[in-house]
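Remarks on the structure that follows.
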Amino acid sequence: MSQTRDLSREYLSFVKVEKGLSRNSIESYRRDLGKLSAWAEKNGLEPARMTRQDLRELMIDLGRTSLAVNSKRRLISVLRGFYKFLMIDGHITENPAELLDVPQKGSYLPRFLNQAEIEALLLVPDTSTETGLRDRALLELMYSSGLRVSEAVTIRVQDVDLDAGILTTTGKGSKTRRVPVGTSAVEWLKSYLAARQKKEDIEVANLFVTPRGRPLNRQVIFLLIKEYAEKCGLQAVSPHTLRHSFATHLVQNRAD
């Protein structure tokens with residue numbers, strides 16, 4: 001029997017004695033630890049050596065399931081208790097589950113993508129075509145800068161300073177904000193703009209346009225993101241998903 005399974009069993013014995021939990025509660029703990037062990041095994045990891053980022057990735061993956069908010073709250077509680085037990089027992093020096101975000105009761109948990117899913121989505125557009133190049137630049141920009149779809153359709157060429165890596169955009173309440181543009185997005189925007197400038201029939205100032213030189217609209221962006229997501233096996237992906245993924249990864253990187 002592996003050490004991982006031993007540690008899980010030791011923790012279950014510990015909480016059974018220390019907390020006097022009922023048989024049903026112990027079974028709930030067992031199932032939650034089983035989720036941890038199954039995910040760790042799938043990803044070639046050992047639960048006792050998982051980092052804070054590993055646990056975040058676990059919660060992201062579970063976010064794609066129909067797991068109820070209360071179940072997620074209980075899982076995080078079990079994870080915190082398990083790693084606290086490992087600290088007390090001298091297996092680890094800090095609790096990687098301590099800073100996991102606990103969803104509020106009755107809250108809506110928006111869908112967001114993990115890093116591997118983002119990378120898969122970005123690779124779908126055929127950048128050898130005019131439309132694919134535009135779409136890759138659009139996806140890169142929306143993700144790297146956390147843009148709303150309403151902002152993406154109104155961005156003008158002059159709003160993007162590629163040398164400084166800064167975008168000026170007007171969002172909700174007509175508020176203007178300056179946001180950084182990621183390095184990868186800058187490179188794809190340069191390629192897209194080079195192709196865009198060769199078209200002589202574009203009279204609009206909008207950055208993202210159709211092959212006929214007309215501004216993209218919200219519906220087109222929703223559809224193209226949905227289609228690209230489905231091509232790489234992702235479901236229920238929207239512009240808001242990219243925005244929420246940006247916000248989630250930004251918070252994670254700052255915490256790390």
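In the structure tokens, each chain is lettered A, B, ... as it comes, each chain's residues begin at 1, and ligands are numbered from 1 in order of appearance.
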With only C-alpha atoms counted and 7 Å as the cut-off, give the residues of region 82-178 of chain A in contact with region 42-60 of chain A, each with its shortest interatomic distance in Å and the pair that gives it, as JSON lines.
{"residue": "A:Pro96", "atom": "CA", "partner": "A:Arg52", "partner_atom": "CA", "distance": 4.4}
{"residue": "A:Ala97", "atom": "CA", "partner": "A:Arg52", "partner_atom": "CA", "distance": 6.1}
{"residue": "A:Asn114", "atom": "CA", "partner": "A:Ile60", "partner_atom": "CA", "distance": 6.5}
Next on the checklist: If we count only C-alpha atoms and set the cut-off at 12 Å, which residues sit around Ser13 (chain A), ignoring sequence neighbours fewer than 6 positions away in its own chain? Please answer as a PyMOL selection string.
Outcome noted: chain A and resi 6-7+19-21+23+26-27+29-30+82+85
Got time to write the residues from that selection, all heavy atoms, as a compact mmCIF listing (two decimals), in the first residue's frame?
# COMPACT_ATOMS: atom_id res chain seq x y z
N ASP A 6 -1.77 5.57 3.00
CA ASP A 6 -1.58 5.45 4.44
C ASP A 6 -1.85 6.78 5.14
O ASP A 6 -2.49 6.82 6.20
CB ASP A 6 -0.15 5.00 4.76
CG ASP A 6 0.09 3.52 4.46
OD1 ASP A 6 -0.89 2.77 4.37
OD2 ASP A 6 1.27 3.15 4.31
N LEU A 7 -1.34 7.86 4.58
CA LEU A 7 -1.52 9.18 5.19
C LEU A 7 -2.99 9.56 5.20
O LEU A 7 -3.48 10.13 6.18
CB LEU A 7 -0.70 10.23 4.42
CG LEU A 7 0.81 10.13 4.57
CD1 LEU A 7 1.51 11.14 3.67
CD2 LEU A 7 1.23 10.35 6.03
N LYS A 19 -12.48 14.40 16.47
CA LYS A 19 -13.71 15.16 16.26
C LYS A 19 -14.97 14.35 16.56
O LYS A 19 -16.07 14.91 16.60
CB LYS A 19 -13.77 15.67 14.81
CG LYS A 19 -12.67 16.66 14.47
CD LYS A 19 -12.89 17.25 13.07
CE LYS A 19 -11.85 18.30 12.76
NZ LYS A 19 -12.09 18.94 11.43
N GLY A 20 -14.81 13.06 16.74
CA GLY A 20 -15.97 12.22 17.03
C GLY A 20 -17.00 12.26 15.93
O GLY A 20 -18.20 12.29 16.18
N LEU A 21 -16.53 12.25 14.68
CA LEU A 21 -17.44 12.35 13.55
C LEU A 21 -18.26 11.09 13.36
O LEU A 21 -17.84 9.99 13.70
CB LEU A 21 -16.64 12.63 12.28
CG LEU A 21 -15.84 13.94 12.24
CD1 LEU A 21 -15.12 14.06 10.91
CD2 LEU A 21 -16.75 15.15 12.46
N ARG A 23 -20.31 8.15 11.12
CA ARG A 23 -19.87 7.31 10.01
C ARG A 23 -20.10 8.00 8.67
O ARG A 23 -19.26 7.95 7.78
CB ARG A 23 -20.62 5.98 10.04
CG ARG A 23 -20.23 5.04 8.90
CD ARG A 23 -20.99 3.73 9.00
NE ARG A 23 -20.65 3.03 10.24
CZ ARG A 23 -21.20 1.86 10.60
NH1 ARG A 23 -22.11 1.29 9.81
NH2 ARG A 23 -20.86 1.28 11.72
N ILE A 26 -17.42 10.66 8.12
CA ILE A 26 -16.14 10.02 7.78
C ILE A 26 -16.14 9.58 6.32
O ILE A 26 -15.14 9.73 5.60
CB ILE A 26 -15.86 8.81 8.71
CG1 ILE A 26 -15.59 9.29 10.13
CG2 ILE A 26 -14.68 8.01 8.18
CD1 ILE A 26 -14.33 10.12 10.29
N GLU A 27 -17.26 9.07 5.87
CA GLU A 27 -17.37 8.65 4.47
C GLU A 27 -17.25 9.85 3.54
O GLU A 27 -16.68 9.75 2.45
CB GLU A 27 -18.68 7.92 4.22
CG GLU A 27 -18.67 6.48 4.72
CD GLU A 27 -17.52 5.67 4.12
OE1 GLU A 27 -17.36 5.69 2.89
OE2 GLU A 27 -16.77 5.05 4.91
N TYR A 29 -15.52 12.56 4.19
CA TYR A 29 -14.09 12.89 4.22
C TYR A 29 -13.33 11.94 3.29
O TYR A 29 -12.45 12.35 2.54
CB TYR A 29 -13.53 12.76 5.65
CG TYR A 29 -13.65 14.01 6.49
CD1 TYR A 29 -14.89 14.62 6.69
CD2 TYR A 29 -12.54 14.56 7.10
CE1 TYR A 29 -15.00 15.75 7.49
CE2 TYR A 29 -12.64 15.71 7.89
CZ TYR A 29 -13.88 16.29 8.08
OH TYR A 29 -13.99 17.41 8.86
N ARG A 30 -13.69 10.67 3.36
CA ARG A 30 -13.01 9.66 2.54
C ARG A 30 -13.19 9.96 1.05
O ARG A 30 -12.26 9.85 0.27
CB ARG A 30 -13.53 8.28 2.88
CG ARG A 30 -12.68 7.13 2.30
CD ARG A 30 -13.36 5.79 2.50
NE ARG A 30 -13.80 5.59 3.88
CZ ARG A 30 -12.99 5.19 4.86
NH1 ARG A 30 -11.72 4.93 4.60
NH2 ARG A 30 -13.47 5.03 6.09
N PHE A 82 -6.52 18.17 6.24
CA PHE A 82 -5.57 17.11 5.89
C PHE A 82 -4.14 17.64 5.89
O PHE A 82 -3.24 17.04 6.47
CB PHE A 82 -5.94 16.55 4.51
CG PHE A 82 -4.96 15.54 3.98
CD1 PHE A 82 -4.74 14.34 4.65
CD2 PHE A 82 -4.26 15.77 2.81
CE1 PHE A 82 -3.84 13.39 4.15
CE2 PHE A 82 -3.37 14.85 2.30
CZ PHE A 82 -3.16 13.64 2.98
N PHE A 85 -2.89 18.45 9.30
CA PHE A 85 -2.48 17.20 9.95
C PHE A 85 -1.08 16.79 9.50
O PHE A 85 -0.24 16.37 10.31
CB PHE A 85 -3.49 16.11 9.61
CG PHE A 85 -3.07 14.71 9.98
CD1 PHE A 85 -3.09 14.29 11.31
CD2 PHE A 85 -2.65 13.82 9.01
CE1 PHE A 85 -2.68 13.00 11.66
CE2 PHE A 85 -2.24 12.53 9.34
CZ PHE A 85 -2.26 12.13 10.67
Checklist entry - From the list A:Val149, A:Val181, A:Leu123, A:Leu33, which residue is nearest Glu10 (chain A) when using only C-alpha atoms? => result A:Leu33
Next on the checklist: DSSP on the backbone: which residues in region 40-241 of chain A end up as strand (DSSP E or B)? Give the answer as number ranges by chain.
Outcome noted: A: 156, 160-161, 166-170, 176-180, 206, 209, 215
Could you please take those selected residues and save C-alpha atoms as a PDB file, in the first residue's frame?
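Output file again-v8.pdb follows:
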ATOM      1  CA  ARG A 156      -9.445  51.250 -32.339  1.00  0.00           C
ATOM      2  CA  VAL A 160      -3.013  50.057 -28.829  1.00  0.00           C
ATOM      3  CA  ASP A 161       0.561  51.084 -28.043  1.00  0.00           C
ATOM      4  CA  ILE A 166      -0.455  49.198 -23.243  1.00  0.00           C
ATOM      5  CA  LEU A 167      -4.065  49.283 -24.360  1.00  0.00           C
ATOM      6  CA  THR A 168      -6.468  52.173 -23.689  1.00  0.00           C
ATOM      7  CA  THR A 169     -10.073  51.038 -23.591  1.00  0.00           C
ATOM      8  CA  THR A 170     -13.449  52.366 -22.508  1.00  0.00           C
ATOM      9  CA  THR A 176     -11.392  54.767 -19.630  1.00  0.00           C
ATOM     10  CA  ARG A 177      -8.681  52.442 -18.384  1.00  0.00           C
ATOM     11  CA  ARG A 178      -5.179  51.574 -19.446  1.00  0.00           C
ATOM     12  CA  VAL A 179      -4.336  47.886 -19.282  1.00  0.00           C
ATOM     13  CA  PRO A 180      -1.137  45.976 -20.023  1.00  0.00           C
ATOM     14  CA  ASN A 206     -11.842  49.534 -35.314  1.00  0.00           C
ATOM     15  CA  VAL A 209     -12.638  43.816 -38.652  1.00  0.00           C
ATOM     16  CA  PRO A 215     -16.178  46.086 -37.482  1.00  0.00           C
TER      17      PRO A 215
END
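The residue set within 8 Å of Ala205 (chain A), counting only C-alpha atoms and dropping same-chain residues fewer than 2 places from it, reads Arg156, Val157, Gln158, Glu203 and Leu207 of chain A.
Between CA of Leu100 (chain A) and CA of Ser77 (chain A) lies a distance of 9.6 Å.
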Item to check | Picked from region 8-181 of chain A by DSSP as helix (DSSP H, G or I), as a VMD selection string | outcome: chain A and resid 8 to 19 23 to 42 47 to 49 52 to 62 69 to 88 115 to 122 130 to 145 149 to 152 157 to 159 172 to 174
Please produce a file of the residues just selected, as a short mmCIF file (atom, residue, chain, number, x, y, z; two decimals), in the first residue's frame, where the atoms kept are C-alpha atoms.
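For reference, selection_12.cif as written:
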data_model
loop_
_atom_site.label_atom_id
_atom_site.label_comp_id
_atom_site.auth_asym_id
_atom_site.auth_seq_id
_atom_site.Cartn_x
_atom_site.Cartn_y
_atom_site.Cartn_z
CA SER A 8 -5.12 9.56 4.11
CA ARG A 9 -6.14 6.66 6.32
CA GLU A 10 -4.16 8.06 9.26
CA TYR A 11 -5.95 11.38 8.85
CA LEU A 12 -9.34 9.69 8.76
CA SER A 13 -8.48 7.82 11.96
CA PHE A 14 -7.33 11.09 13.50
CA VAL A 15 -10.52 13.04 12.76
CA LYS A 16 -12.68 10.11 13.81
CA VAL A 17 -11.08 10.13 17.26
CA GLU A 18 -10.43 13.87 17.67
CA LYS A 19 -13.71 15.16 16.26
CA ARG A 23 -19.87 7.31 10.01
CA ASN A 24 -21.52 9.41 7.28
CA SER A 25 -19.16 12.31 7.92
CA ILE A 26 -16.14 10.02 7.78
CA GLU A 27 -17.37 8.65 4.47
CA SER A 28 -17.68 12.22 3.14
CA TYR A 29 -14.09 12.89 4.22
CA ARG A 30 -13.01 9.66 2.54
CA ARG A 31 -14.68 10.63 -0.74
CA ASP A 32 -13.08 14.09 -0.67
CA LEU A 33 -9.63 12.64 -0.03
CA GLY A 34 -10.36 10.21 -2.85
CA LYS A 35 -10.89 13.18 -5.21
CA LEU A 36 -7.50 14.53 -4.14
CA SER A 37 -5.76 11.17 -4.61
CA ALA A 38 -7.40 10.49 -7.99
CA TRP A 39 -6.43 13.91 -9.36
CA ALA A 40 -2.89 13.59 -8.01
CA GLU A 41 -2.45 10.17 -9.59
CA LYS A 42 -3.84 11.40 -12.90
CA PRO A 47 -0.85 14.51 -2.41
CA ALA A 48 1.67 15.08 0.37
CA ARG A 49 3.92 17.01 -2.04
CA ARG A 52 -0.79 25.64 -3.60
CA GLN A 53 -0.91 25.91 -7.40
CA ASP A 54 -1.52 22.17 -7.73
CA LEU A 55 -4.54 22.46 -5.44
CA ARG A 56 -5.84 25.43 -7.40
CA GLU A 57 -5.59 23.38 -10.59
CA LEU A 58 -7.52 20.61 -8.82
CA MET A 59 -10.30 23.05 -7.94
CA ILE A 60 -10.32 24.43 -11.50
CA ASP A 61 -10.78 20.92 -12.88
CA LEU A 62 -13.56 20.22 -10.40
CA VAL A 69 -21.03 24.91 -3.82
CA ASN A 70 -21.50 23.27 -0.42
CA SER A 71 -19.55 20.23 -1.62
CA LYS A 72 -16.70 22.46 -2.76
CA ARG A 73 -16.71 24.28 0.57
CA ARG A 74 -16.50 20.94 2.39
CA LEU A 75 -13.72 19.71 0.10
CA ILE A 76 -11.60 22.80 0.81
CA SER A 77 -12.24 22.34 4.53
CA VAL A 78 -11.12 18.70 4.30
CA LEU A 79 -8.01 19.67 2.32
CA ARG A 80 -7.06 22.31 4.88
CA GLY A 81 -7.52 19.83 7.69
CA PHE A 82 -5.57 17.11 5.89
CA TYR A 83 -2.58 19.33 5.19
CA LYS A 84 -2.68 20.78 8.69
CA PHE A 85 -2.48 17.20 9.95
CA LEU A 86 0.52 16.58 7.67
CA MET A 87 2.19 19.70 9.12
CA ILE A 88 1.59 18.57 12.68
CA GLN A 115 -3.45 27.24 -18.28
CA ALA A 116 -3.41 24.12 -20.45
CA GLU A 117 -6.93 24.82 -21.69
CA ILE A 118 -6.06 28.44 -22.50
CA GLU A 119 -3.02 27.31 -24.49
CA ALA A 120 -5.09 24.72 -26.36
CA LEU A 121 -7.73 27.31 -27.25
CA LEU A 122 -5.15 29.81 -28.53
CA GLU A 130 -6.40 36.21 -42.70
CA THR A 131 -9.34 35.36 -40.43
CA GLY A 132 -7.35 32.92 -38.31
CA LEU A 133 -4.60 35.48 -37.76
CA ARG A 134 -7.18 38.05 -36.67
CA ASP A 135 -8.85 35.57 -34.33
CA ARG A 136 -5.56 34.51 -32.72
CA ALA A 137 -4.70 38.16 -32.05
CA LEU A 138 -8.21 38.74 -30.68
CA LEU A 139 -8.10 35.74 -28.33
CA GLU A 140 -4.60 36.62 -27.14
CA LEU A 141 -5.62 40.20 -26.41
CA MET A 142 -8.89 39.35 -24.68
CA TYR A 143 -7.16 36.84 -22.41
CA SER A 144 -3.97 38.80 -21.68
CA SER A 145 -5.80 42.05 -20.90
CA VAL A 149 -16.51 41.63 -25.35
CA SER A 150 -18.01 45.14 -25.51
CA GLU A 151 -14.49 46.54 -25.23
CA ALA A 152 -13.06 44.19 -27.84
CA VAL A 157 -6.04 50.78 -33.92
CA GLN A 158 -4.85 53.97 -32.23
CA ASP A 159 -5.83 52.62 -28.79
CA LYS A 172 -18.64 50.08 -18.25
CA GLY A 173 -19.88 53.52 -17.27
CA SER A 174 -17.76 55.06 -20.05
#
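Reported to one decimal place, the separation of CA of Val102 (chain A) from CA of Ala229 (chain A) is 27.7 Å.
The interatomic distance for the pair CA of Phe208 (chain A) and CA of Ile155 (chain A) works out to 7.6 Å.
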Checklist entry - Nearest to Val153 (chain A) among A:Lys190, A:Lys198, A:Arg214, A:Lys175, with distances taken over only C-alpha atoms: which residue is it? => result A:Arg214
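Nearest to Ala195 (chain A) of all the residues A:Asp163, A:Pro211, A:His91, A:Ile221 is A:Pro211, based on only C-alpha atoms.
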